[in-house]
Amino acid sequence: MANIVITPMTFRPTYELDAEIVERKGTGHPDTICDYLAENLSRELCLWYLREYGAVMHHNVDKALLVGGVARAEFGGGEVIEPIEIYLVGRAILEKDGKRLDAHDLAVESAKRWLRENIKNLDVEKHVVIHTKIKPGSKDLVELFERFQKKGEVPLANDTSFGVGYAPLDSLERAVFEAERFLNSEEMKKEHPEIGEDIKVMGVRIKDKSRLTIALAFVGKYIRDIQEYFQKKEEIHRKVKERVESIVSKEVDVFINTADSRENNSVYITVTGTSAEQGDDGQVGRGNRVNGLITPYRPMSLEAAAGKNPISHIGKIYNRVANLIAQRVVEEVEEVEEACCYIVSQIGKPINEPQVLDVSVRTRKDLKSLEELVRKIAQEELDKMPEVWKGFVEGLYPVA
């Protein structure tokens, strides 16, 4: 039996505090782009390894850097003057059993495909240059990875690290998450093609008052002039406010591009729909956690889950499983109002035998009466942990 402990949640609920802050960086934010490109590369590597070797090989491609370009945005068009540069860096098995992986081509094609599909106004051949530095992994970590494969056993943790998750999302967290997802939805893009993918939402709650401040990169070629810009912004403001308030069933103040100035003819427009064209750089791990949010008032891990191998890298696996356990506990144990889960590994030990798995629960019931059911859920997820990699490879578990 794993070292599972069930503890009472003794701190005040976040939603009862006088203040709360929540952030989400949307699909086209430079940091989120880096996360997705790293994760997409890991998935492509997994699929290549499965196809060629019959098993996922050791890799960690969790380092990516985006260097913003230079652009001239204007109403009705604009141009990218200097391209965005993206660096994909990591470690991977490049050769085995006489079969060699062309990591550079795989990484470049993987990145271009994702960018084409997700940043609609970006011309990947003209606006982006992709550099790769993928080299073999360290001998000891490769050996550790292969040790369990040879025996067909449970994967061994490649690091001593931890993961954390919680449930459910509170009202402000749902508002922030759903605002970005709505603005980046196909529904809204059909109605408003001028909405770029680079959307950042900052949510602030002071007692019962909530507000969302949204940075939204408009695409200049779909807007004739500054009058139409403010008209479109007002339409989008009304729609996102209505959507968010319908979800959280309370009033939420919404602000979009608050630095805009009609008098100074200064507004947030881009050529491509992302500030990566000029205004900002990006890096893996600086954005959303695996639940899609940045929540300083909640327990969080600073691990960059994107791009880590899904077989044995604790920084990826434990953060996902901790969230799954917390969600199941809240959904399946009626008396539990809130749950947090903390899991700590030990390098070289089976991934489903953590040093400790702590499920902290908030309940008005006697905790002793719930321990057996909560422990059962945690153990079930530990038992399934050796198969969790499949969900990452299939794209079922987002990391940003």
# chains A, B, ... in the order shown; residues from 1 in each chain; ligands from 1
$ closest_atom_pairs --of "segment 43-97 of chain A" --to "segment 18-31 of chain A" --cutoff "12 Å" --atoms "only C-alpha atoms" --output "Markdown table"
| residue | atom | partner | partner_atom | distance |
| --- | --- | --- | --- | --- |
| A:Lys63 | CA | A:Asp31 | CA | 11.4 |
| A:Ala64 | CA | A:Asp31 | CA | 9.2 |
| A:Leu65 | CA | A:Asp31 | CA | 8.4 |
| A:Leu66 | CA | A:Pro30 | CA | 6.7 |
| A:Val67 | CA | A:Pro30 | CA | 8.8 |
| A:Gly68 | CA | A:Pro30 | CA | 8.3 |
| A:Gly69 | CA | A:Pro30 | CA | 11.3 |
| A:Ile84 | CA | A:Pro30 | CA | 10.2 |
| A:Glu85 | CA | A:Pro30 | CA | 11.2 |
| A:Ile86 | CA | A:Pro30 | CA | 10.1 |
$ write_last_selection --atoms "C-alpha atoms" --output "mmCIF file, in the first residue's frame"
data_model
loop_
_atom_site.group_PDB
_atom_site.id
_atom_site.type_symbol
_atom_site.label_atom_id
_atom_site.label_comp_id
_atom_site.auth_asym_id
_atom_site.auth_seq_id
_atom_site.Cartn_x
_atom_site.Cartn_y
_atom_site.Cartn_z
ATOM 1 C CA LYS A 63 13.122 23.787 -23.180
ATOM 2 C CA ALA A 64 11.793 26.258 -25.746
ATOM 3 C CA LEU A 65 12.472 29.931 -26.280
ATOM 4 C CA LEU A 66 10.618 32.370 -28.518
ATOM 5 C CA VAL A 67 12.408 35.535 -29.581
ATOM 6 C CA GLY A 68 9.917 38.096 -30.795
ATOM 7 C CA GLY A 69 10.241 39.559 -34.267
ATOM 8 C CA ILE A 84 9.941 35.371 -34.951
ATOM 9 C CA GLU A 85 12.722 32.977 -33.918
ATOM 10 C CA ILE A 86 11.892 29.817 -32.007
#
$ residues_around --residues "Asp253 of chain A" --least-positions-apart "5" --cutoff "7 Å" --atoms "only C-alpha atoms" --output "tab-separated table (two decimals) with C-alpha atoms, in the first residue's frame"
chain	number	residue	atom	x	y	z
A	210	SER	CA	-14.86	40.55	-9.67
A	211	ARG	CA	-13.19	42.08	-12.69
A	212	LEU	CA	-11.42	40.70	-15.73
$ residues_around --residues "segment 43-52 of chain A" --least-positions-apart "2" --cutoff "12 Å" --atoms "only C-alpha atoms" --output "PyMOL selection string"
chain A and resi 36-41+54-62+90-111+113-114+134+306-311+389-399
$ closest_residue --among "A:Arg174, A:Arg328, A:Lys316, A:Lys221" --to "Met202 of chain A" --atoms "only C-alpha atoms"
A:Arg174
$ closest_residue --among "A:Glu372, A:Asp383, A:Glu82, A:Asp208" --to "Lys250 of chain A" --atoms "only C-alpha atoms"
A:Asp208
$ select_by_dssp --residues "segment 290-380 of chain A" --states "strand (DSSP E or B)" --output "NGL selection string"
:A and (294 or 308 or 336-344 or 350 or 356-363)
$ closest_residue --among "A:Val333, A:Ala157, A:Ile351, A:Ile130" --to "Lys376 of chain A" --atoms "only C-alpha atoms"
A:Val333
$ select_by_dssp --residues "segment 161-196 of chain A" --states "alpha helix (DSSP H)" --output "PyMOL selection string"
chain A and resi 171-183+186-191
$ write_last_selection --atoms "N, CA and C atoms" --output "tab-separated table (two decimals), in the first residue's frame"
chain	number	residue	atom	x	y	z
A	171	SER	N	-15.32	30.49	-8.57
A	171	SER	CA	-16.02	31.34	-9.52
A	171	SER	C	-15.06	32.20	-10.35
A	172	LEU	N	-14.07	32.82	-9.73
A	172	LEU	CA	-13.14	33.67	-10.47
A	172	LEU	C	-12.29	32.84	-11.41
A	173	GLU	N	-11.86	31.67	-10.97
A	173	GLU	CA	-11.06	30.79	-11.83
A	173	GLU	C	-11.84	30.36	-13.06
A	174	ARG	N	-13.09	30.02	-12.87
A	174	ARG	CA	-13.92	29.63	-14.02
A	174	ARG	C	-14.14	30.80	-14.96
A	175	ALA	N	-14.32	31.99	-14.40
A	175	ALA	CA	-14.54	33.17	-15.23
A	175	ALA	C	-13.33	33.46	-16.10
A	176	VAL	N	-12.14	33.39	-15.52
A	176	VAL	CA	-10.90	33.66	-16.26
A	176	VAL	C	-10.69	32.62	-17.35
A	177	PHE	N	-10.84	31.35	-16.99
A	177	PHE	CA	-10.63	30.27	-17.95
A	177	PHE	C	-11.62	30.36	-19.11
A	178	GLU	N	-12.89	30.52	-18.79
A	178	GLU	CA	-13.92	30.50	-19.83
A	178	GLU	C	-13.86	31.75	-20.70
A	179	ALA	N	-13.42	32.87	-20.17
A	179	ALA	CA	-13.31	34.08	-20.98
A	179	ALA	C	-12.33	33.87	-22.13
A	180	GLU	N	-11.15	33.32	-21.82
A	180	GLU	CA	-10.16	33.08	-22.87
A	180	GLU	C	-10.63	32.02	-23.85
A	181	ARG	N	-11.21	30.93	-23.35
A	181	ARG	CA	-11.67	29.86	-24.23
A	181	ARG	C	-12.79	30.36	-25.15
A	182	PHE	N	-13.66	31.22	-24.65
A	182	PHE	CA	-14.73	31.76	-25.47
A	182	PHE	C	-14.17	32.67	-26.56
A	183	LEU	N	-13.25	33.55	-26.20
A	183	LEU	CA	-12.68	34.48	-27.18
A	183	LEU	C	-11.87	33.75	-28.25
A	186	GLU	N	-13.96	28.81	-32.07
A	186	GLU	CA	-14.31	28.92	-33.48
A	186	GLU	C	-15.56	29.78	-33.66
A	187	GLU	N	-16.48	29.67	-32.72
A	187	GLU	CA	-17.71	30.46	-32.75
A	187	GLU	C	-17.39	31.95	-32.83
A	188	MET	N	-16.52	32.42	-31.95
A	188	MET	CA	-16.18	33.85	-31.94
A	188	MET	C	-15.30	34.24	-33.12
A	189	LYS	N	-14.42	33.36	-33.55
A	189	LYS	CA	-13.54	33.69	-34.67
A	189	LYS	C	-14.33	33.86	-35.98
A	190	LYS	N	-15.43	33.10	-36.13
A	190	LYS	CA	-16.28	33.26	-37.31
A	190	LYS	C	-16.98	34.61	-37.30
A	191	GLU	N	-17.44	35.01	-36.12
A	191	GLU	CA	-18.13	36.29	-35.99
A	191	GLU	C	-17.15	37.46	-36.00
$ residues_around --residues "segment 337-348 of chain A" --least-positions-apart "3" --cutoff "6 Å" --atoms "only C-alpha atoms" --output "ChimeraX atom specification"
/A:156-167,322,326,354-363
$ residues_around --residues "Gly220 of chain A" --least-positions-apart "6" --cutoff "12 Å" --atoms "only C-alpha atoms" --output "VMD selection string"
chain A and resid 71 to 79 121 193 to 196 226 228 to 229 232 267 to 274
$ closest_residue --among "A:His127, A:Arg289, A:Ser275, A:Ser246" --to "Ile199 of chain A" --atoms "only C-alpha atoms"
A:Ser275
$ closest_residue --among "A:Val70, A:Ile317, A:Val254, A:Cys34" --to "Gly285 of chain A" --atoms "only C-alpha atoms"
A:Cys34
